[in-house]
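The structure under discussion appears below in the form of structure tokens.
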Amino acid sequence: MKSIKKVYLENLNKTFVTTANDQVVAVNNINLKIEPGEFVTMLGPSGCGKTTTLRMIAGFEMPTHGNVFIGEENVATKTPDKRDTAMVFQNYALFPHMNVFDNISYGLKIQKRPKAEIKERVERILKMMKMEDFSQRVPAQMSGGQQQRVSLARALVMEPGVLLFDEPLSNLDAKLRIHMRDEIRKIQQKVGITSIYVTHDQEEAMALSDRVVIMNAGIIEQEGTPQEIYQRPVNEFVANFIGRANILDGEIVGIDEGEVIVNIHGVGFTVKVYKKFDVGQRVRVVIRPEGVLVGKKDFTVKVDKSVFMGQNHEYGVDFFGSNLEISENNPTGKTIYKIGQQMGIGFDQQALHIL
Ligand SMILES: Nc1ncnc2c1ncn2[C@@H]1O[C@H](COP(=O)(O)OP(=O)(O)OP(=O)(O)O)[C@@H](O)[C@H]1O
């Protein structure tokens with residue numbers, strides 16, 4: 001395997017000019033460092049600029065301005081073949097008339113590698129991906145998941161410094177997506193290759209990544225480990241985009257080292273903080289549905305929704321005129337509250353996060 005490369009995007013911008021002569025800022029001066037061997041996912045709503053960013057890394061799109069470093073080299077204006085990257089596409093992009101072996105070996109043939117080397121490399125990848133038995137099949141004789149594995153093998157066989165994924169699992173059904181994402185992660189860790197992955201599926205991003213980059217309207221809202229993004233979102237956009245979030249009004253009423261006391265509708269909670277707050281400051285507080293505790297006495301609320309989901313019981317309650325979502329884990333043997341009933345609740349202080 002050749003060297004595993006770092007990637008650095010510096011003030012990267014892409015402004016499209018439409019046929020009506022409107023300017024669309026798809027990517028707005030983003031900066032991002034990706035370490036060698038890291039698996040980074042770009043996640044965001046439709047139109048946020050994640051695909052355009054990936055395509056600028058691959059060389060399918062030229063930046064309006066800014067730089068793309070792959071390793072030490074600035075490749076911003078180079079064609080895709082002059083960059084040390086390989087891409088796995090959403091639609092697999094396999095040659096329909098070629099069998100698996102020929103699809104995987106295509107890039108190496110273009111590079112005019114010796115026949116024996118091609119055979120050895122393709123067979124090694126097929127073995128690693130447990131696809132030896134498929135080598136003579138053509139794409140039409142395989143399932144979507146199998147075709148996507150061929151597409152991944154075709155990228156890996158080139159031994160690129162960076163592997164790029166453009167929503168590779170979107171065309172697969174839910175069960176296969178989970179299986180394939182586990183497989184992608186396993187293979188990526190085995191090979192140790194730097195990987196940049198684009199998706200709009202937050203669960204996929206959390207399951208795959210060392211680091212998640214949340215994009216919105218051409219900018220990066222937050223980057224961090226899946227835990228950081230989920231537990232410590234920097235703003236309401238990120239809190240609402242990743243998982244489900246209840247966002248409550250509160251007021252800082254006390255400050256101690258690394259902690260504050262926040263008053264939420266008359267009840268004080270001690271919360272760990274990561275930035276400076278002042279006494280009297282009005283704040284927004286995030287609590288995930290699983291951080292709301294059923295059976296506590298801090299607040300009495302009325303149940304509007306009560307749904308048994310197996311692993312958890314989902315409630316919706318009226319909390320001072322707004323809806324509060326509650327997810328009670330492992331409901332077996334616990335009291336089930338029905339719509340219209342009163343329920344006592346509290347908040348897990350460790351799960352409260354002040355924006
Ligand atoms: N060739 C183009 N000409 C004009 N505008 C474009 C072009 N390509 C993309 N855009 C615009 O740039 C913005 C970002 O698009 P991009 O495809 O990067 O978003 P995305 O986050 O990948 O969305 P999706 O998840 O829907 O693919 C969008 O507003 C899109 O309409």
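We name chains A, B, ... following the order of the structure tokens; residues begin at 1 in each chain, and ligands are numbered from 1 as shown.
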
Proximity check chain A to ligand 1, 8 Å, nearest pairs one decimal Å, only C-alpha atoms and all ligand atoms, as JSON lines:
{"residue": "A:Thr15", "atom": "CA", "partner": "ligand 1", "partner_atom_place_in_ligand_line": "12 (O)", "distance": 7.8}
{"residue": "A:Phe16", "atom": "CA", "partner": "ligand 1", "partner_atom_place_in_ligand_line": "4 (C)", "distance": 4.8}
{"residue": "A:Val17", "atom": "CA", "partner": "ligand 1", "partner_atom_place_in_ligand_line": "4 (C)", "distance": 6.0}
{"residue": "A:Thr18", "atom": "CA", "partner": "ligand 1", "partner_atom_place_in_ligand_line": "4 (C)", "distance": 5.1}
{"residue": "A:Gln23", "atom": "CA", "partner": "ligand 1", "partner_atom_place_in_ligand_line": "4 (C)", "distance": 7.9}
{"residue": "A:Val24", "atom": "CA", "partner": "ligand 1", "partner_atom_place_in_ligand_line": "5 (N)", "distance": 5.7}
{"residue": "A:Val25", "atom": "CA", "partner": "ligand 1", "partner_atom_place_in_ligand_line": "12 (O)", "distance": 6.5}
{"residue": "A:Ala26", "atom": "CA", "partner": "ligand 1", "partner_atom_place_in_ligand_line": "12 (O)", "distance": 3.9}
{"residue": "A:Val27", "atom": "CA", "partner": "ligand 1", "partner_atom_place_in_ligand_line": "14 (C)", "distance": 7.0}
{"residue": "A:Leu43", "atom": "CA", "partner": "ligand 1", "partner_atom_place_in_ligand_line": "21 (O)", "distance": 7.9}
{"residue": "A:Gly44", "atom": "CA", "partner": "ligand 1", "partner_atom_place_in_ligand_line": "21 (O)", "distance": 6.1}
{"residue": "A:Pro45", "atom": "CA", "partner": "ligand 1", "partner_atom_place_in_ligand_line": "21 (O)", "distance": 6.0}
{"residue": "A:Ser46", "atom": "CA", "partner": "ligand 1", "partner_atom_place_in_ligand_line": "26 (O)", "distance": 3.6}
{"residue": "A:Gly47", "atom": "CA", "partner": "ligand 1", "partner_atom_place_in_ligand_line": "19 (O)", "distance": 3.4}
{"residue": "A:Cys48", "atom": "CA", "partner": "ligand 1", "partner_atom_place_in_ligand_line": "21 (O)", "distance": 3.8}
{"residue": "A:Gly49", "atom": "CA", "partner": "ligand 1", "partner_atom_place_in_ligand_line": "18 (O)", "distance": 3.2}
{"residue": "A:Lys50", "atom": "CA", "partner": "ligand 1", "partner_atom_place_in_ligand_line": "21 (O)", "distance": 4.1}
{"residue": "A:Thr51", "atom": "CA", "partner": "ligand 1", "partner_atom_place_in_ligand_line": "22 (O)", "distance": 3.5}
{"residue": "A:Thr52", "atom": "CA", "partner": "ligand 1", "partner_atom_place_in_ligand_line": "18 (O)", "distance": 3.7}
{"residue": "A:Thr53", "atom": "CA", "partner": "ligand 1", "partner_atom_place_in_ligand_line": "18 (O)", "distance": 6.4}
{"residue": "A:Val198", "atom": "CA", "partner": "ligand 1", "partner_atom_place_in_ligand_line": "22 (O)", "distance": 7.7}
{"residue": "A:Thr199", "atom": "CA", "partner": "ligand 1", "partner_atom_place_in_ligand_line": "25 (O)", "distance": 7.0}
{"residue": "A:His200", "atom": "CA", "partner": "ligand 1", "partner_atom_place_in_ligand_line": "25 (O)", "distance": 6.0}
{"residue": "A:Met215", "atom": "CA", "partner": "ligand 1", "partner_atom_place_in_ligand_line": "21 (O)", "distance": 7.8}
{"residue": "A:Asn216", "atom": "CA", "partner": "ligand 1", "partner_atom_place_in_ligand_line": "21 (O)", "distance": 7.9}
{"residue": "A:Ala217", "atom": "CA", "partner": "ligand 1", "partner_atom_place_in_ligand_line": "14 (C)", "distance": 7.7}
{"residue": "A:Gly218", "atom": "CA", "partner": "ligand 1", "partner_atom_place_in_ligand_line": "14 (C)", "distance": 7.0}

Could you build a table of the residues in stretch 146-232 of chain A lying no more than 10 Å from stretch 279-293 of chain A, giving for each the nearest pair of atoms and their separation in Å rounded to one decimal place, using only C-alpha atoms, ordered by chain and ascending residue number, as JSON lines?
{"residue": "A:Tyr230", "atom": "CA", "partner": "A:Arg288", "partner_atom": "CA", "distance": 9.1}
{"residue": "A:Gln231", "atom": "CA", "partner": "A:Arg288", "partner_atom": "CA", "distance": 8.7}
{"residue": "A:Arg232", "atom": "CA", "partner": "A:Val286", "partner_atom": "CA", "distance": 8.9}

Can you check which residues of stretch 252-300 of chain A DSSP gives as strand (DSSP E or B) on the backbone and send them as a count of residues only? 32

Write down as a PyMOL selection string the residues of stretch 41-159 of chain A whose backbone DSSP state falls under helix (DSSP H, G or I). chain A and resi 50-58+80-82+100-110+115-128+132-134+139-141+144-156

Can you tell me, as a PyMOL selection string, what residues are no more than 12 Å from A:Lys6 when counting only C-alpha atoms, ignoring any on the same chain fewer than 2 positions away? chain A and resi 3-4+8-9+32-40+57+68-74+84-85+160-163+193-196

Output file for the residues above (C-alpha atoms, as an mmCIF file, in the first residue's frame):
data_model
loop_
_atom_site.group_PDB
_atom_site.id
_atom_site.type_symbol
_atom_site.label_atom_id
_atom_site.label_comp_id
_atom_site.auth_asym_id
_atom_site.auth_seq_id
_atom_site.Cartn_x
_atom_site.Cartn_y
_atom_site.Cartn_z
ATOM 1 C CA SER A 3 1.366 6.290 1.607
ATOM 2 C CA ILE A 4 -1.813 7.260 3.424
ATOM 3 C CA TYR A 8 -6.308 20.089 3.868
ATOM 4 C CA LEU A 9 -8.986 22.347 2.439
ATOM 5 C CA LEU A 32 -10.873 21.606 7.053
ATOM 6 C CA LYS A 33 -7.935 19.407 8.068
ATOM 7 C CA ILE A 34 -8.193 15.639 7.736
ATOM 8 C CA GLU A 35 -5.447 13.525 9.278
ATOM 9 C CA PRO A 36 -3.841 10.524 7.542
ATOM 10 C CA GLY A 37 -5.998 7.430 8.076
ATOM 11 C CA GLU A 38 -8.926 9.396 9.454
ATOM 12 C CA PHE A 39 -12.534 8.640 8.435
ATOM 13 C CA VAL A 40 -14.377 11.938 8.090
ATOM 14 C CA ILE A 57 -11.329 17.167 -3.624
ATOM 15 C CA VAL A 68 -6.970 21.553 -1.868
ATOM 16 C CA PHE A 69 -3.879 19.891 -0.411
ATOM 17 C CA ILE A 70 -3.533 16.134 -0.726
ATOM 18 C CA GLY A 71 -0.436 15.208 1.225
ATOM 19 C CA GLU A 72 1.884 18.183 0.770
ATOM 20 C CA GLU A 73 0.719 18.951 -2.757
ATOM 21 C CA ASN A 74 -1.788 21.636 -3.737
ATOM 22 C CA ASP A 84 -4.053 10.487 -5.501
ATOM 23 C CA THR A 85 -7.764 9.796 -4.907
ATOM 24 C CA PRO A 160 -5.027 5.724 -3.484
ATOM 25 C CA GLY A 161 -3.799 8.062 -0.759
ATOM 26 C CA VAL A 162 -7.395 9.144 -0.141
ATOM 27 C CA LEU A 163 -10.690 7.324 -0.680
ATOM 28 C CA ILE A 193 -6.839 4.623 4.364
ATOM 29 C CA THR A 194 -7.855 8.293 4.724
ATOM 30 C CA SER A 195 -11.555 8.400 3.843
ATOM 31 C CA ILE A 196 -13.957 11.234 3.150
#

Please identify all polymer residues within 6 Å of stretch 338-345 of chain A, counting only C-alpha atoms, omitting same-chain residues fewer than 3 positions from it, and present them as a list of chain:residue names. A:Leu293, A:Val294, A:Gly295, A:Lys296, A:Lys297, A:Asp298, A:Phe299, A:Thr300, A:Val301, A:Lys302, A:Val303, A:Asp304, A:Lys305, A:Ser306
